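What follows is a single structure, written as structure tokens, with notes after it.
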Amino acid sequence: MSAPDVIVSLIVALLLLQTAVRLPGAVRGRRRGRSLWGAFTAFALSWWLRTDLGRAVIDPLGVNDLPTLLKHSLAIVGTCVLLTYVTGVYADEDATARHIKITALVHRVAARASLATVVCLALVFFLALDRTKTAADSPYFMGRHAGEPGLALYMGLLYLYTAGAALVCGYQWGRASRHARRWPLRVGLTMMTAGMALMVVYAALRTAFLVPTALHPLSAQALADQEHITDTVLYGGFLLWLLGSVTPAVHAVQARLRSTRAVIGLHPLWRDLVLAVDGIALYQPSNLFNGHRAAGPLNAIRDVLSHDATPQVRLGRYVTEIRDATHELRRRAPADLYARAVQLAKAEGRQGSDADATAEAYWLKAALGAADRPAGAPAAFHTAGDDFATEIPWLLRVAESYRTASPASTTRLLSSSETPALAHTTRI
């Protein structure tokens, strides 16, 4: 396999990877998610038609150079969808800003321009190019049709559209990279901007070669040299853009995985709390087979993967509902329960924040036993975590202590909390 074939295969693999990563967003019906998925799918098919396998699938249709037309048309479709995504991302900003005005203009004309370009390419292809020529005449599309007037029109339309789209995308991504706060996003946007710059250079070089090629056939060596030079620029530009787009995607996947792990860690605590306190959960926990222990893993999987748009949203819901349930339990738990939970944690040798997390877990487990009692004034309670970022790791520590807490210890803790109150009532 030659070096160009290896590069093309790598590009196709990366595009398919992006297509797979973006598929959940497209399935859920989010407009921007569908746009990105559509762009990567169109580009993957376009680059696949550069391979021997792709051409072998289309060539039996009996139309010479049809893989080239389809390749160019799919590239235009992918670019149009990508423009739709880019303009949609920045359309919500200040409408009076210059870059937003440019974006709005491009958004209005992108789809029409793309359709018109594809139609014009098809008309020129079928009506103005000599399609009796084959790869035996020249291995390159421009070489086969050198000297034909239709070649200049066909390729000129393609390169004009490519350069215009690359300029718009590069302009927006370059501006966004200067304002990006997270370094993975900044690096990715910078790479995407550099990739678009090379795409503009590619279109300019191909146009410069197109003029003499359309007027007079070049020598085989000159044609091979220009194909090598421009393909190198094309590969470099597309790989930069593609790798730049992968960088934020990898960051997003890592964030989803972290959120999913946190949701899994919080799930047992969340499930017990929202089942004990009515009206807290936005979505009730899964209850397949009436919550039988054997169905526990299946119910947990359904809870962890269903309902919310993203794991991040689900994690936020879990934290909110845990805190809401905790507040309701404070209105039903004995007033001295937390103090006794702290004493129990310290009696077990816990110290510092470890003792606090264990005490909170013991309090929660014991308070669940009082969940059906009449509500009153909130009992004393202490927890750590001042914001969402610090609350998640704290609740994960509490959830781990909750999981390992002895039911017998927490039962005795609740009973011992009630004893002083009952003795006081007897004396009265």
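Scheme for the structure tokens: letters A, B, ... for chains in order shown; per-chain residue numbers from 1; ligand numbers from 1 in order shown.
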
Sel. of alpha helix (DSSP H) residues, region 68-310 of chain A, as an MDAnalysis selection string:
chainID A and resid 68:90 98:128 141:144 149:179 183:215 220:276 296:305

Compile the contact shell of Thr51 (chain A) as a VMD selection string: residues with an atom at most 12 Å away, counting only C-alpha atoms, same-chain residues fewer than 2 positions apart removed.
chain A and resid 1 to 2 4 to 12 44 to 49 53 to 58 67 to 68 71

Long-range neighbours of Ala252 (chain A) as a list in words, 12 Å cut-off, only C-alpha atoms, 5 positions minimum in chain
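Once the nearby chain positions are removed, what remains is Val21, Arg22, Arg182, Pro184, Leu185, Ser245, Val246, Thr247, Leu257, Arg258, Ser259, Thr310, Pro311 and Gln312 of chain A.
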
Between A:Ala249, A:Ala333, A:Asp278, A:Val106, single out the one closest to Ala20 (chain A), counting only C-alpha atoms.
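Under the stated criterion, the closest residue is A:Ala249.
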
Calculate how many Å separate CA of Val118 (chain A) from CA of Gly174 (chain A), rounding to one decimal.
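Between CA of Val118 (chain A) and CA of Gly174 (chain A) the gap works out to 28.1 Å.
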
I need the residue nearest Ala281 (chain A) from this list: A:Ile229, A:Leu158, A:Ile264, A:Ile322. Use only C-alpha atoms for the distance.
A:Ile322

What separation in Å, quoted to one decimal, exists between CA of Met192 (chain A) and CA of Tyr159 (chain A)?
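Separation of CA of Met192 (chain A) and CA of Tyr159 (chain A): 19.0 Å.
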
Write out as a list in words the residues lying within 8 Å of Ile280 (chain A), counting only C-alpha atoms and excluding same-chain residues fewer than 3 positions away.
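So the residues in contact are Val274, Val277, Glu321, Asp324 and Ala325 of chain A.
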